[in-house]
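Undergrad: The structure is given below, and queries will be raised subsequently.
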Amino acid sequence: MKYDFDKIIDRSGSGDLKHGVLKERYGRDDLIPLWVADMDFETPPFVVDAIKKRMEHPIFGYTMEPKEYWPTVGKWIADHYGWNVQREWLTYVPGVVKGIGMAINALTQPGDKVLIQTPVYHPFRMTTVGNGREVVRNRLVESEDGSFYKMDFEGLEKLIQDCKMMILCNPHNPAGIQWDRATLERVAHICHKHGVIVISDEIHADLALFGHKHIPFATVSKEAEEISITFQAPTKTFNMAGIVSSYAIVPNPELRRRFYGWMEANEFNEPNVFAPIATIAAFKQGEEWRRQMLDYVEGNILFTEQYFKEHIPGIRVVRPESSFLVWLDCRALGLGHDELQDLFINKARLALNDGEIFDTEGNPYGQLHQKESAARGFMRLNVGTPRSILTQALEQLAQAVASLPRR
């Protein structure tokens with residue numbers, strides 16, 4: 001079957017976050033929203049059909065997990081990553097960010113230090129601070145050619161010694177890096193040596209691009225397996241974030257006892273009626289849809305690169321190795337924080353993620369000047385949208401950049 005990713009879907013009336021909070025967060029609602037990480041493509045029809053079939057039954061009472069739920073998840077993981085997870089390693093979690101918060105509460109104490117590597121997905125910081133733990137930053141450094149970030153292992157070795165936990169973004173958000181095996185092995189060795197638990201957020205695992213392959217953190221060594229909690233989900237891949245269907249993988253039995261025991265005691269490990277149904281449909285029937293979607297996203301990325309090269313050379317596109325999120329380096333424009341926001345929001349009429357939220361303290365939607373940010377001058381662009389919408393957005397940005405005073 002050929003799926004149509006050029007189809008424009010009117011999301012009005014669906015209560016979608018992407019459009020619904022523009023006025024609140026950006027000050028105006030006449031913007032093309034290319035910010036929050038869901039796509040503008042239809043959720044696959046086989047997922048919708050599976051949910052519709054269940055809805056034909058008139059009772060939505062207490063339900064059991066379908067028998068095929070965990071075998072289906074295990075087969076997907078084995079087929080895509082060569083990782084043969086055992087059934088007892090798996091449990092449902094009500095969202096990856098919620099799972100991170102639960103692991104923090106179950107496995108650390110108030111005041112404990114949790115290490116993150118910025119710039120990185122901002123809920124890592126917000127969830128840690130909100131739960132009364134202290135964030136320790138080991139900032140990523142730009143590689144010599146400026147194309148990607150790499151880890152500062154000297155800084156990691158020094159800072160990790162006082163920490164109880166590290167949150168790893170694998171693949172990396174916002175820069176779309178697929179961390180290689182050697183990097184993950186080194187992280188595992190350092191953290192294992194100091195008795196640090198590693199939470200690996202792998203929600204973008206199924207979205208590797210341009211021939212890159214995802215490597216689950218827990219698979220790179222015995223040390224990694226012993227200290228890891230992995231979170232994955234079908235939600236980003238199959239555009240169904242509103243159906244919360246995440247899961248955790250914990251190979252270490254003692255770590256599993258502590259974390260899963262806490263989850264079970266609070267009934268956080270019980271899925272809603274639709275989560276297993278959607279997951280089974282996605283993982284059993286979704287491979288062809290996934291491949292076609294990734295081909296389309298790769299085309300959008302190549303189109304974006306070429307468009308910026310020809311029409312907006314002052315902004316550099318960092319090609320992602322995974323996901324539909326593109327990290328834009330706008331530093332050559334020479335704009336301050338407020339000027340850059342004004343360019344995108346008021347002149348180009350676009351809603352993107354401000355790069356500073358991935359590194360700076362404070363409310364992610366406010367004015368972030370409190371501390372110097374390594375991500376100042378960057379923006380995150382969501383290209384998981386029909387090509388016509390992306391084209392219109394880039395044309396508006398090109399016109400806005402052309403209107404800037406010469407410097």
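Please note that chains go A, B, ... in the order of the structure tokens, that every chain numbers its residues from 1, and that ligands are numbered from 1 in the order shown.
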Can you tell me which residues surround range 79-89 of chain A at a distance of at most 8 Å, considering only C-alpha atoms, apart from same-chain residues fewer than 3 positions away, and format the answer as a PyMOL selection string?
TA: chain A and resi 70-71+74-76+214-216+219+248-251+256
Undergrad: Dump C-alpha atoms for the selected residues as a compact mmCIF listing (two decimals), in the first residue's frame?
TA:
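Dumped to result37.txt:
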# COMPACT_ATOMS: atom_id res chain seq x y z
CA TRP A 70 4.46 -8.40 25.21
CA PRO A 71 5.42 -11.05 22.63
CA GLY A 74 9.62 -8.33 22.19
CA LYS A 75 9.56 -9.39 18.54
CA TRP A 76 9.74 -5.76 17.36
CA HIS A 214 19.97 2.62 16.53
CA ILE A 215 21.94 0.87 19.27
CA PRO A 216 20.07 0.37 22.57
CA THR A 219 23.05 -3.92 24.67
CA ALA A 248 10.40 0.12 30.22
CA ILE A 249 13.11 -2.51 29.85
CA VAL A 250 15.20 -3.38 32.94
CA PRO A 251 17.48 -6.46 32.70
CA ARG A 256 13.92 -4.17 38.43
Undergrad: What lies within 12 Å of Pro405 in chain A using only C-alpha atoms, ignoring chain neighbours under 6 positions off, as a PyMOL selection string?
TA: chain A and resi 333-335+339+343
Undergrad: Just N, CA and C atoms for this one: save the residues we selected as a CSV table (one decimal), in the first residue's frame.
TA:
chain,number,residue,atom,x,y,z
A,333,LEU,N,23.6,34.7,11.9
A,333,LEU,CA,22.7,35.9,11.7
A,333,LEU,C,23.1,37.0,12.6
A,334,GLY,N,23.8,36.7,13.7
A,334,GLY,CA,24.2,37.7,14.7
A,334,GLY,C,23.1,38.4,15.5
A,335,LEU,N,22.0,37.6,15.7
A,335,LEU,CA,20.9,38.2,16.5
A,335,LEU,C,21.0,37.7,17.9
A,339,GLU,N,15.8,39.1,19.5
A,339,GLU,CA,15.7,39.3,18.1
A,339,GLU,C,15.5,38.1,17.3
A,343,LEU,N,12.2,37.3,14.9
A,343,LEU,CA,12.4,36.9,13.5
A,343,LEU,C,11.5,35.7,13.2
Undergrad: Please identify the strand (DSSP E) residues within range 99-209 of chain A (assignment by DSSP from backbone atoms) and present them as a VMD selection string.
TA: chain A and resid 113 to 116 134 to 137 141 to 142 149 to 150 165 to 169 197 to 201
Undergrad: Take the selection from the previous step and output its residues with C-alpha atoms, as a compact mmCIF listing (two decimals), in the first residue's frame.
TA:
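Produced file part-v1.txt, reproduced below:
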# COMPACT_ATOMS: atom_id res chain seq x y z
CA LYS A 113 22.25 14.69 41.95
CA VAL A 114 21.16 13.63 38.47
CA LEU A 115 23.41 14.23 35.48
CA ILE A 116 22.16 15.36 32.07
CA GLU A 134 19.73 18.57 41.75
CA VAL A 135 20.64 18.76 38.08
CA VAL A 136 24.31 18.37 37.17
CA ARG A 137 25.19 19.45 33.63
CA VAL A 141 30.81 19.94 22.87
CA GLU A 142 30.68 20.69 19.17
CA TYR A 149 27.95 17.29 19.25
CA LYS A 150 30.16 14.81 21.00
CA MET A 165 21.63 8.79 38.17
CA MET A 166 22.29 9.89 34.59
CA ILE A 167 19.59 10.54 31.98
CA LEU A 168 20.82 9.69 28.49
CA CYS A 169 19.04 10.84 25.32
CA ILE A 197 21.98 4.24 37.21
CA VAL A 198 21.52 5.24 33.56
CA ILE A 199 18.06 6.02 32.24
CA SER A 200 18.14 5.76 28.45
CA ASP A 201 15.31 7.63 26.71
Undergrad: If you run DSSP over the backbone, which residues in range 109-324 of chain A end up helix (DSSP H, G or I)? Put them as a compact mmCIF listing (two decimals) with C-alpha atoms, in the first residue's frame.
TA:
# COMPACT_ATOMS: atom_id res chain seq x y z
CA PRO A 123 11.92 17.74 30.53
CA PHE A 124 15.08 15.93 31.70
CA ARG A 125 15.92 19.08 33.64
CA MET A 126 12.38 20.07 34.58
CA THR A 127 11.40 16.63 35.87
CA THR A 128 14.57 16.32 37.91
CA VAL A 129 14.23 19.76 39.51
CA GLY A 130 10.49 19.39 39.98
CA PHE A 153 34.14 12.33 28.71
CA GLU A 154 36.64 14.19 30.85
CA GLY A 155 33.80 16.27 32.26
CA LEU A 156 31.59 13.22 32.63
CA GLU A 157 34.24 11.32 34.60
CA LYS A 158 34.63 14.24 36.97
CA LEU A 159 30.97 15.19 37.46
CA ILE A 160 29.40 11.73 37.62
CA GLN A 161 31.18 10.81 40.85
CA ASP A 162 28.69 12.73 43.00
CA ARG A 181 28.72 1.83 20.18
CA ALA A 182 32.09 3.09 21.40
CA THR A 183 30.49 6.19 22.93
CA LEU A 184 27.79 4.18 24.69
CA GLU A 185 30.31 1.63 25.97
CA ARG A 186 32.40 4.42 27.47
CA VAL A 187 29.37 5.97 29.16
CA ALA A 188 28.45 2.56 30.58
CA HIS A 189 31.95 1.95 31.91
CA ILE A 190 32.18 5.33 33.64
CA CYS A 191 28.72 5.09 35.19
CA HIS A 192 29.13 1.46 36.23
CA LYS A 193 32.42 2.27 37.92
CA ALA A 205 14.79 4.66 18.39
CA ASP A 206 12.67 3.55 15.42
CA LEU A 207 13.36 6.74 13.46
CA PHE A 217 22.28 1.46 25.45
CA ALA A 218 21.68 -1.71 27.46
CA THR A 219 23.05 -3.92 24.67
CA LYS A 222 27.43 -6.25 30.50
CA GLU A 223 28.15 -3.07 32.46
CA ALA A 224 25.44 -1.23 30.53
CA GLU A 225 22.94 -4.01 31.07
CA GLU A 226 23.51 -3.98 34.84
CA ILE A 227 22.84 -0.26 35.33
CA PRO A 253 16.77 -8.12 38.63
CA GLU A 254 17.63 -6.02 41.70
CA LEU A 255 17.10 -2.73 39.86
CA ARG A 256 13.92 -4.17 38.43
CA ARG A 257 12.68 -5.20 41.88
CA ARG A 258 13.19 -1.69 43.23
CA PHE A 259 11.68 0.16 40.27
CA TYR A 260 8.94 -2.21 39.15
CA GLY A 261 7.96 -2.93 42.73
CA TRP A 262 7.38 0.78 43.28
CA MET A 263 5.46 1.02 39.99
CA GLU A 264 3.26 -1.94 40.87
CA ALA A 265 2.55 -0.68 44.37
CA PHE A 274 -6.30 1.31 24.11
CA ALA A 275 -2.52 1.35 24.67
CA PRO A 276 -1.86 -2.37 24.09
CA ILE A 277 -4.31 -2.48 21.16
CA ALA A 278 -2.58 0.43 19.40
CA THR A 279 0.88 -0.97 20.15
CA ILE A 280 0.05 -4.43 18.79
CA ALA A 281 -1.42 -2.96 15.59
CA ALA A 282 1.56 -0.65 15.07
CA PHE A 283 4.23 -3.27 15.67
CA LYS A 284 2.47 -6.08 13.79
CA GLN A 285 1.37 -4.11 10.73
CA GLU A 287 6.82 -1.75 9.17
CA GLU A 288 5.91 -0.72 5.62
CA TRP A 289 4.24 2.48 6.87
CA ARG A 290 7.32 3.26 8.97
CA ARG A 291 9.66 2.81 6.01
CA GLN A 292 7.56 5.00 3.73
CA MET A 293 7.27 7.66 6.44
CA LEU A 294 11.03 7.70 6.99
CA ASP A 295 11.62 8.00 3.23
CA TYR A 296 9.31 11.02 3.19
CA VAL A 297 11.00 12.59 6.22
CA GLU A 298 14.42 12.09 4.62
CA GLY A 299 13.08 13.86 1.53
CA ASN A 300 11.89 16.75 3.70
CA ILE A 301 15.30 17.00 5.34
CA LEU A 302 17.12 17.04 1.99
CA PHE A 303 14.65 19.64 0.71
CA THR A 304 15.26 21.75 3.83
CA GLU A 305 19.04 21.53 3.43
CA GLN A 306 18.88 22.59 -0.20
CA TYR A 307 16.42 25.40 0.48
CA PHE A 308 18.56 26.91 3.22
CA LYS A 309 21.67 26.58 1.08
CA GLU A 310 20.05 28.46 -1.79
CA HIS A 311 17.84 30.97 0.00
Undergrad: Mind checking which residues fall within 7 Å of range 386-389 of chain A, counting only C-alpha atoms, ignoring those fewer than 6 positions away in the same chain, and posting them as a ChimeraX atom specification?
TA: /A:5-8,300
